[in-house]
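Everything below belongs to start38.cif, which stores mmCIF, C-alpha atoms.
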data_entry
loop_
_atom_site.label_atom_id
_atom_site.label_comp_id
_atom_site.auth_asym_id
_atom_site.auth_seq_id
_atom_site.Cartn_x
_atom_site.Cartn_y
_atom_site.Cartn_z
CA ALA A 27 0.00 0.00 0.00
CA GLN A 28 1.07 3.54 -0.62
CA SER A 29 2.42 5.51 2.29
CA VAL A 30 4.21 8.75 3.03
CA THR A 31 6.57 9.42 5.90
CA GLN A 32 7.44 12.85 7.17
CA PRO A 33 9.98 12.14 9.91
CA ASP A 34 10.01 15.62 11.43
CA ILE A 35 6.95 16.62 13.45
CA HIS A 36 8.26 20.10 14.20
CA ILE A 37 11.05 22.18 12.73
CA THR A 38 12.16 25.61 13.88
CA VAL A 39 14.09 27.80 11.47
CA SER A 40 15.37 31.32 11.86
CA GLU A 41 13.94 33.88 9.49
CA GLY A 42 16.19 34.19 6.49
CA ALA A 43 17.71 30.75 6.94
CA SER A 44 17.27 27.92 4.48
CA LEU A 45 14.71 25.18 4.93
CA GLU A 46 14.45 21.53 4.00
CA LEU A 47 11.46 19.39 4.92
CA ARG A 48 11.84 15.67 4.44
CA CYS A 49 9.41 13.32 2.76
CA ASN A 50 9.78 9.65 1.95
CA TYR A 51 7.18 7.66 0.07
CA SER A 52 6.35 4.07 -0.60
CA TYR A 53 4.75 3.32 -3.95
CA GLY A 54 5.21 0.52 -6.44
CA ALA A 55 5.17 2.56 -9.61
CA THR A 56 6.25 6.03 -10.62
CA PRO A 57 4.62 8.23 -8.04
CA TYR A 58 2.68 11.42 -8.37
CA LEU A 59 3.98 13.57 -5.52
CA PHE A 60 2.65 16.72 -3.96
CA TRP A 61 3.44 19.24 -1.25
CA TYR A 62 0.61 21.15 0.39
CA VAL A 63 0.72 23.88 3.01
CA GLN A 64 -1.92 24.52 5.66
CA SER A 65 -2.02 27.75 7.62
CA PRO A 66 -3.84 27.72 10.96
CA GLY A 67 -7.59 27.47 10.48
CA GLN A 68 -7.27 27.23 6.74
CA GLY A 69 -7.54 24.59 4.06
CA LEU A 70 -4.69 23.06 2.14
CA GLN A 71 -2.95 24.94 -0.62
CA LEU A 72 -0.88 23.19 -3.26
CA LEU A 73 2.74 24.31 -3.29
CA LEU A 74 4.04 22.08 -6.05
CA LYS A 75 3.70 18.69 -7.68
CA TYR A 76 5.79 16.13 -9.53
CA PHE A 77 4.39 13.85 -12.20
CA SER A 78 7.32 13.20 -14.52
CA GLY A 79 10.23 14.89 -16.26
CA ASP A 80 12.62 17.22 -14.51
CA THR A 81 13.15 15.94 -11.00
CA LEU A 82 13.56 19.43 -9.59
CA VAL A 83 10.21 21.14 -9.53
CA GLN A 84 9.47 24.74 -8.73
CA GLY A 85 6.41 25.82 -6.84
CA ILE A 86 4.75 28.87 -5.47
CA LYS A 87 6.10 31.13 -2.73
CA GLY A 88 9.71 30.32 -3.65
CA PHE A 89 9.53 26.63 -2.76
CA GLU A 90 11.11 23.83 -4.72
CA ALA A 91 11.30 20.06 -4.31
CA GLU A 92 13.53 17.37 -5.70
CA PHE A 93 12.37 13.87 -6.58
CA LYS A 94 15.00 11.23 -5.91
CA ARG A 95 13.84 7.82 -6.99
CA SER A 96 16.85 6.02 -5.52
CA GLN A 97 16.02 7.42 -2.08
CA SER A 98 12.22 7.37 -2.46
CA SER A 99 12.29 10.98 -1.36
CA PHE A 100 10.66 14.23 -2.34
CA ASN A 101 12.12 16.86 -0.02
CA LEU A 102 10.85 20.41 0.03
CA ARG A 103 13.31 23.30 0.12
CA LYS A 104 13.35 27.05 0.35
CA PRO A 105 16.55 29.11 0.33
CA SER A 106 15.33 31.85 2.66
CA VAL A 107 12.40 31.44 5.02
CA HIS A 108 9.99 34.27 5.80
CA TRP A 109 7.93 34.57 8.96
CA SER A 110 4.80 34.07 6.86
CA ASP A 111 5.99 30.57 5.95
CA ALA A 112 5.12 29.34 9.44
CA ALA A 113 2.48 26.67 8.81
CA GLU A 114 2.03 22.94 8.54
CA TYR A 115 3.38 21.21 5.47
CA PHE A 116 2.05 17.97 4.07
CA CYS A 117 3.63 15.66 1.56
CA ALA A 118 1.29 13.39 -0.39
CA VAL A 119 1.45 10.65 -2.98
CA GLY A 120 -1.26 10.15 -5.57
CA ALA A 121 -2.67 6.67 -5.80
CA GLY A 122 -5.64 4.87 -7.21
CA THR A 123 -7.28 5.36 -10.57
CA GLY A 124 -5.95 8.53 -12.10
CA PHE A 125 -3.71 9.03 -9.10
CA GLN A 126 -6.37 11.23 -7.56
CA LYS A 127 -6.52 9.40 -4.28
CA LEU A 128 -4.03 11.34 -2.20
CA VAL A 129 -2.29 9.60 0.69
CA PHE A 130 -0.88 12.20 3.05
CA GLY A 131 1.99 12.18 5.45
CA THR A 132 1.45 13.24 9.04
CA GLY A 133 2.74 16.72 8.37
CA THR A 134 5.62 18.88 9.59
CA ARG A 135 4.91 22.02 11.54
CA LEU A 136 7.30 24.81 10.65
CA LEU A 137 8.04 27.47 13.23
CA VAL A 138 9.98 30.57 12.20
CA SER A 139 11.97 32.39 14.82
CA PRO A 140 12.94 36.07 14.53
CA ASP B 25 -12.89 32.14 -9.60
CA ALA B 26 -14.59 30.84 -6.50
CA GLY B 27 -12.84 27.96 -4.86
CA VAL B 28 -14.36 24.94 -3.19
CA ILE B 29 -17.07 26.19 -0.87
CA GLN B 30 -17.97 24.35 2.30
CA SER B 31 -20.66 24.93 4.88
CA PRO B 32 -20.96 25.21 7.74
CA ARG B 33 -17.48 26.39 8.63
CA HIS B 34 -18.00 25.53 12.26
CA GLU B 35 -20.57 23.34 13.95
CA VAL B 36 -21.03 22.23 17.51
CA THR B 37 -23.63 19.55 18.05
CA GLU B 38 -24.69 17.13 20.71
CA MET B 39 -23.98 13.45 20.54
CA GLY B 40 -26.72 11.58 18.72
CA GLN B 41 -27.70 14.47 16.49
CA GLU B 42 -27.54 14.33 12.73
CA VAL B 43 -24.85 16.42 11.07
CA THR B 44 -24.86 17.42 7.42
CA LEU B 45 -21.83 19.00 5.81
CA ARG B 46 -22.14 20.61 2.42
CA CYS B 47 -19.77 21.21 -0.44
CA LYS B 48 -19.86 23.07 -3.71
CA PRO B 49 -16.92 22.07 -5.94
CA ILE B 50 -15.21 24.36 -8.38
CA SER B 51 -17.33 24.79 -11.48
CA GLY B 52 -16.24 22.40 -14.23
CA HIS B 53 -14.52 19.99 -11.91
CA ASN B 54 -15.77 16.43 -12.20
CA SER B 55 -14.06 14.80 -9.22
CA LEU B 56 -14.97 15.51 -5.61
CA PHE B 57 -13.30 14.28 -2.45
CA TRP B 58 -14.17 14.25 1.23
CA TYR B 59 -11.26 14.15 3.68
CA ARG B 60 -11.19 14.11 7.46
CA GLN B 61 -8.38 15.59 9.53
CA THR B 62 -7.75 14.65 13.16
CA MET B 63 -4.75 14.92 15.41
CA MET B 64 -4.60 11.18 15.85
CA ARG B 65 -5.04 10.02 12.27
CA GLY B 66 -4.01 13.02 10.19
CA LEU B 67 -5.66 13.49 6.80
CA GLU B 68 -7.75 10.57 5.61
CA LEU B 69 -9.70 10.20 2.41
CA LEU B 70 -13.26 9.22 3.24
CA ILE B 71 -14.80 8.99 -0.22
CA TYR B 72 -14.43 10.35 -3.68
CA PHE B 73 -16.77 10.83 -6.61
CA ASN B 74 -16.10 10.99 -10.30
CA ASN B 75 -18.86 12.46 -12.46
CA ASN B 76 -21.19 12.28 -9.45
CA VAL B 77 -20.61 8.54 -8.99
CA PRO B 78 -18.90 7.24 -5.84
CA ILE B 79 -15.65 5.59 -6.91
CA ASP B 80 -14.02 4.69 -3.63
CA ASP B 81 -15.74 4.80 -0.26
CA SER B 82 -13.34 2.49 1.52
CA GLY B 83 -12.36 5.28 3.88
CA MET B 84 -15.86 5.84 5.23
CA PRO B 85 -15.48 4.81 8.85
CA GLU B 86 -18.84 3.15 9.42
CA ASP B 87 -22.48 3.09 8.46
CA ARG B 88 -23.16 6.25 10.40
CA PHE B 89 -21.39 8.11 7.60
CA SER B 90 -22.96 8.62 4.21
CA ALA B 91 -22.15 10.87 1.26
CA LYS B 92 -24.12 11.90 -1.77
CA MET B 93 -23.52 13.89 -4.87
CA PRO B 94 -26.89 14.54 -6.51
CA ASN B 95 -25.41 16.80 -9.17
CA ALA B 96 -22.12 18.19 -10.38
CA SER B 97 -22.27 21.24 -8.17
CA PHE B 98 -23.24 19.85 -4.78
CA SER B 99 -22.30 17.14 -2.34
CA THR B 100 -23.20 16.29 1.24
CA LEU B 101 -21.52 14.29 3.95
CA LYS B 102 -23.91 13.14 6.63
CA ILE B 103 -23.23 11.66 10.04
CA GLN B 104 -26.16 10.08 11.81
CA PRO B 105 -26.00 9.66 14.74
CA SER B 106 -22.94 11.73 15.56
CA GLU B 107 -20.49 10.73 18.28
CA PRO B 108 -17.74 12.69 20.08
CA ARG B 109 -15.06 10.75 18.20
CA ASP B 110 -16.38 12.26 14.97
CA SER B 111 -15.03 15.63 16.05
CA ALA B 112 -12.62 16.66 13.31
CA VAL B 113 -12.11 18.99 10.40
CA TYR B 114 -13.83 17.73 7.29
CA PHE B 115 -12.41 18.94 4.00
CA CYS B 116 -14.04 18.83 0.63
CA ALA B 117 -11.82 19.00 -2.45
CA SER B 118 -12.30 18.89 -6.20
CA SER B 119 -10.30 18.43 -9.36
CA ASP B 120 -10.87 18.57 -13.08
CA SER B 121 -10.65 15.63 -15.48
CA SER B 122 -6.87 15.86 -15.70
CA GLY B 123 -6.63 15.16 -11.99
CA ASN B 124 -3.40 17.12 -11.90
CA THR B 125 -4.39 19.42 -9.08
CA ILE B 126 -6.79 18.88 -6.23
CA TYR B 127 -8.17 22.05 -4.69
CA PHE B 128 -9.30 22.02 -1.08
CA GLY B 129 -12.00 23.99 0.64
CA GLU B 130 -11.38 25.69 3.95
CA GLY B 131 -12.95 22.88 5.91
CA SER B 132 -15.88 22.32 8.23
CA TRP B 133 -14.81 22.22 11.87
CA LEU B 134 -17.09 19.78 13.67
CA THR B 135 -17.29 19.37 17.43
CA VAL B 136 -19.58 16.73 18.89
CA VAL B 137 -20.16 17.09 22.62
#
Could you render the structure from this file as structure tokens?
Amino acid sequence: AQSVTQPDIHITVSEGASLELRCNYSYGATPYLFWYVQSPGQGLQLLLKYFSGDTLVQGIKGFEAEFKRSQSSFNLRKPSVHWSDAAEYFCAVGAGTGFQKLVFGTGTRLLVSP
Amino acid sequence: DAGVIQSPRHEVTEMGQEVTLRCKPISGHNSLFWYRQTMMRGLELLIYFNNNVPIDDSGMPEDRFSAKMPNASFSTLKIQPSEPRDSAVYFCASSDSSGNTIYFGEGSWLTVV
């Protein structure tokens, strides 16, 4: 069965510092991979997605992620974090017919210190 | 464009009462999803529809939960009778036929006391 692991429950980063959030997936075929962000009291917003092609994908808000098949990973990165990036981040793999059935990781809460 | 619209945004109800959550997907989208988010279990897919037809309801926890999609612009998730353990945030989401992007609503925050 498909699964996603986000090993870090919380991460604290200083404003202006770089960020990397880890995501490992388990899926038998080529995965469809996603990163979503959830601000407090809000729904989920798509940051970026990987279906095929270039393994480094660019998203909104200055985020990028790199698909590494050999490591079954899809880590999210940002070179310089802003205080407004404080939120919860979810990695997901698409499964099922049409890959529309998203299986989410447990999320990583990002805290940004001044 | 309007996003996925859910109502109510917040509901507090007593155990045993019926709860109905409503969702209007993005116009033109033909897939609709209901997710539940809890601290203990994270985000779980409850059910999804394609062209108004339920495709996968394996995530529906038990018979107390039911979902319908009578037309392309409306869906309901009903819990009857509700229990305290149903307290969660319920998200509706939709996507178009490409399935490339799933858009989420802002959620319905349910508390059963």
Would you list the residues near (-16.2, 7.8, 15.1) (no more than 9 Å away, in the coordinates of the file, using only C-alpha atoms) as JSON, numbers by chain? {"B": [85, 86, 88, 106, 107, 108, 109, 110, 111]}
I'd like to know which of B:Gly52, B:Pro94, B:Pro32, B:Gly66 is closest to chain A, using all atoms listed in the file.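 Looking at the shortest contact to chain A, the residue is B:Gly66.
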Could you work out how far CA of Asn54 in chain B lies from CA of Ala26 in chain B, giving the answer in Å with one decimal?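 Distance between the two atoms: 15.5 Å.
Here the question is which of A:Ala91, A:Leu128, A:Ala121, A:Val83 gets nearest to chain B using all atoms listed in the file, and that residue is A:Leu128.
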Pull the neighbourhood of (4.8, 21.7, 7.7) for me: all residues within 9 Å in file coordinates, counting all atoms listed in the file, as a ChimeraX atom specification. /A:34-37,47,62-64,112-117,133-137
Show me, as a PyMOL selection string, the residues of chain B whose atoms get within 12 Å of chain A, using all atoms listed in the file for the distance check. chain B and resi 27-30+33-34+54-74+79-83+113-133
Convert the output of the PyMOL selection byres ((chain B and resi 97) around 10) on the shown file into explicit residues, formatted as number ranges by chain. B: 47-54, 56, 76, 93-96, 98-99
CA of Val39 in chain A to CA of Ala118 in chain A measures 22.6 Å
Go through the shown structure with the PyMOL selection byres ((chain A and resi 54) around 12) and write out the matching residues as an MDAnalysis selection string. chainID A and resid 27:29 51:53 55:58 95 98 119:122
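Relative to CA of Lys94 in chain A, CA of Thr81 in chain A is found at 7.2 Å.
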Near-Ser99 in chain A list (7 Å; all atoms listed in the file; drop same-chain fewer than 6 positions) as a ChimeraX atom specification: /A:49-51,93
Within 7 Å of Thr100 in chain B, counting all atoms listed in the file, which residues qualify if same-chain residues fewer than 5 places away don't, as a PyMOL selection string? chain B and resi 44-47+91-93
Okay, now the selection with C-alpha atoms, as a PDB file, in the coordinates of the input?
ATOM      1  CA  THR B  44     -24.860  17.420   7.420  1.00  0.00           C
ATOM      2  CA  LEU B  45     -21.830  19.000   5.810  1.00  0.00           C
ATOM      3  CA  ARG B  46     -22.140  20.610   2.420  1.00  0.00           C
ATOM      4  CA  CYS B  47     -19.770  21.210  -0.440  1.00  0.00           C
ATOM      5  CA  ALA B  91     -22.150  10.870   1.260  1.00  0.00           C
ATOM      6  CA  LYS B  92     -24.120  11.900  -1.770  1.00  0.00           C
ATOM      7  CA  MET B  93     -23.520  13.890  -4.870  1.00  0.00           C
TER       8      MET B  93
END
Just range 49-65 of chain B, please, as a compact mmCIF listing (two decimals), in the first residue's frame (only all heavy atoms).
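Saved to selection17.txt:
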# COMPACT_ATOMS: atom_id res chain seq x y z
N PRO B 49 -18.25 22.13 -5.30
CA PRO B 49 -16.92 22.07 -5.94
C PRO B 49 -16.72 23.23 -6.91
O PRO B 49 -17.65 23.97 -7.21
CB PRO B 49 -16.97 20.73 -6.68
CG PRO B 49 -18.42 20.54 -6.99
CD PRO B 49 -19.18 21.13 -5.84
N ILE B 50 -15.52 23.35 -7.38
CA ILE B 50 -15.21 24.36 -8.38
C ILE B 50 -15.96 24.01 -9.67
O ILE B 50 -15.98 22.83 -10.08
CB ILE B 50 -13.70 24.44 -8.63
CG1 ILE B 50 -13.00 24.97 -7.36
CG2 ILE B 50 -13.37 25.31 -9.83
CD1 ILE B 50 -11.50 24.93 -7.41
N SER B 51 -16.57 25.01 -10.27
CA SER B 51 -17.33 24.79 -11.48
C SER B 51 -16.46 24.15 -12.57
O SER B 51 -15.34 24.60 -12.82
CB SER B 51 -17.88 26.13 -11.98
OG SER B 51 -18.59 25.97 -13.19
N GLY B 52 -16.98 23.09 -13.17
CA GLY B 52 -16.24 22.40 -14.23
C GLY B 52 -15.43 21.22 -13.74
O GLY B 52 -14.97 20.41 -14.55
N HIS B 53 -15.25 21.14 -12.44
CA HIS B 53 -14.52 19.99 -11.91
C HIS B 53 -15.45 18.78 -11.84
O HIS B 53 -16.62 18.90 -11.48
CB HIS B 53 -13.99 20.30 -10.51
CG HIS B 53 -12.77 21.16 -10.53
ND1 HIS B 53 -12.01 21.39 -9.41
CD2 HIS B 53 -12.17 21.85 -11.54
CE1 HIS B 53 -10.98 22.16 -9.72
NE2 HIS B 53 -11.07 22.46 -11.00
N ASN B 54 -14.90 17.61 -12.18
CA ASN B 54 -15.77 16.43 -12.20
C ASN B 54 -15.39 15.39 -11.15
O ASN B 54 -15.96 14.31 -11.10
CB ASN B 54 -15.76 15.79 -13.59
CG ASN B 54 -14.39 15.27 -13.97
OD1 ASN B 54 -13.38 15.63 -13.38
ND2 ASN B 54 -14.35 14.39 -14.95
N SER B 55 -14.40 15.70 -10.33
CA SER B 55 -14.06 14.80 -9.22
C SER B 55 -14.20 15.56 -7.91
O SER B 55 -13.79 16.72 -7.80
CB SER B 55 -12.63 14.27 -9.36
OG SER B 55 -12.52 13.42 -10.47
N LEU B 56 -14.76 14.88 -6.92
CA LEU B 56 -14.97 15.51 -5.61
C LEU B 56 -14.54 14.54 -4.53
O LEU B 56 -14.79 13.33 -4.62
CB LEU B 56 -16.44 15.89 -5.43
CG LEU B 56 -16.78 16.61 -4.13
CD1 LEU B 56 -17.78 17.74 -4.39
CD2 LEU B 56 -17.30 15.66 -3.08
N PHE B 57 -13.89 15.08 -3.52
CA PHE B 57 -13.30 14.28 -2.45
C PHE B 57 -13.76 14.81 -1.10
O PHE B 57 -13.88 16.02 -0.91
CB PHE B 57 -11.77 14.38 -2.50
CG PHE B 57 -11.18 14.11 -3.86
CD1 PHE B 57 -11.14 15.11 -4.82
CD2 PHE B 57 -10.68 12.86 -4.18
CE1 PHE B 57 -10.60 14.88 -6.08
CE2 PHE B 57 -10.14 12.62 -5.44
CZ PHE B 57 -10.10 13.62 -6.38
N TRP B 58 -13.97 13.89 -0.17
CA TRP B 58 -14.17 14.25 1.23
C TRP B 58 -13.02 13.67 2.05
O TRP B 58 -12.76 12.46 2.01
CB TRP B 58 -15.50 13.70 1.75
CG TRP B 58 -16.71 14.47 1.33
CD1 TRP B 58 -17.60 14.14 0.35
CD2 TRP B 58 -17.19 15.68 1.90
NE1 TRP B 58 -18.59 15.09 0.26
CE2 TRP B 58 -18.36 16.04 1.21
CE3 TRP B 58 -16.75 16.52 2.95
CZ2 TRP B 58 -19.10 17.19 1.51
CZ3 TRP B 58 -17.48 17.65 3.25
CH2 TRP B 58 -18.64 17.98 2.54
N TYR B 59 -12.35 14.55 2.79
CA TYR B 59 -11.26 14.15 3.68
C TYR B 59 -11.62 14.52 5.11
O TYR B 59 -12.38 15.45 5.37
CB TYR B 59 -9.95 14.88 3.32
CG TYR B 59 -9.21 14.32 2.14
CD1 TYR B 59 -9.53 14.73 0.85
CD2 TYR B 59 -8.18 13.41 2.31
CE1 TYR B 59 -8.83 14.23 -0.24
CE2 TYR B 59 -7.49 12.90 1.23
CZ TYR B 59 -7.82 13.32 -0.04
OH TYR B 59 -7.13 12.82 -1.12
N ARG B 60 -11.04 13.79 6.05
CA ARG B 60 -11.19 14.11 7.46
C ARG B 60 -9.79 14.30 8.05
O ARG B 60 -8.87 13.52 7.76
CB ARG B 60 -11.92 12.98 8.19
CG ARG B 60 -12.10 13.22 9.67
CD ARG B 60 -12.99 12.18 10.32
NE ARG B 60 -12.40 10.85 10.32
CZ ARG B 60 -12.96 9.79 10.90
NH1 ARG B 60 -14.13 9.92 11.51
NH2 ARG B 60 -12.37 8.61 10.86
N GLN B 61 -9.66 15.32 8.89
CA GLN B 61 -8.38 15.59 9.53
C GLN B 61 -8.54 15.57 11.04
O GLN B 61 -9.35 16.31 11.60
CB GLN B 61 -7.81 16.95 9.10
CG GLN B 61 -6.41 17.23 9.64
CD GLN B 61 -5.86 18.56 9.16
OE1 GLN B 61 -6.60 19.54 9.00
NE2 GLN B 61 -4.57 18.62 8.91
N THR B 62 -7.78 14.71 11.71
CA THR B 62 -7.75 14.65 13.16
C THR B 62 -6.30 14.63 13.61
O THR B 62 -5.39 14.30 12.83
CB THR B 62 -8.46 13.39 13.69
OG1 THR B 62 -7.77 12.23 13.18
CG2 THR B 62 -9.91 13.34 13.26
N MET B 63 -6.11 14.96 14.86
CA MET B 63 -4.75 14.92 15.41
C MET B 63 -4.20 13.50 15.39
O MET B 63 -3.03 13.27 15.11
CB MET B 63 -4.75 15.46 16.84
CG MET B 63 -4.99 16.95 16.92
SD MET B 63 -3.61 17.89 16.26
CE MET B 63 -2.35 17.50 17.45
N MET B 64 -5.07 12.56 15.70
CA MET B 64 -4.60 11.18 15.85
C MET B 64 -4.30 10.51 14.51
O MET B 64 -3.33 9.76 14.38
CB MET B 64 -5.63 10.35 16.61
CG MET B 64 -5.80 10.75 18.06
SD MET B 64 -4.29 10.49 18.99
CE MET B 64 -4.14 8.72 18.90
N ARG B 65 -5.12 10.77 13.51
CA ARG B 65 -5.04 10.02 12.27
C ARG B 65 -4.62 10.86 11.07
O ARG B 65 -4.45 10.33 9.97
CB ARG B 65 -6.38 9.35 11.99
CG ARG B 65 -6.83 8.39 13.09
CD ARG B 65 -8.23 7.85 12.81
NE ARG B 65 -8.23 7.00 11.63
CZ ARG B 65 -8.02 5.69 11.65
NH1 ARG B 65 -7.77 5.08 12.79
NH2 ARG B 65 -8.06 4.99 10.53
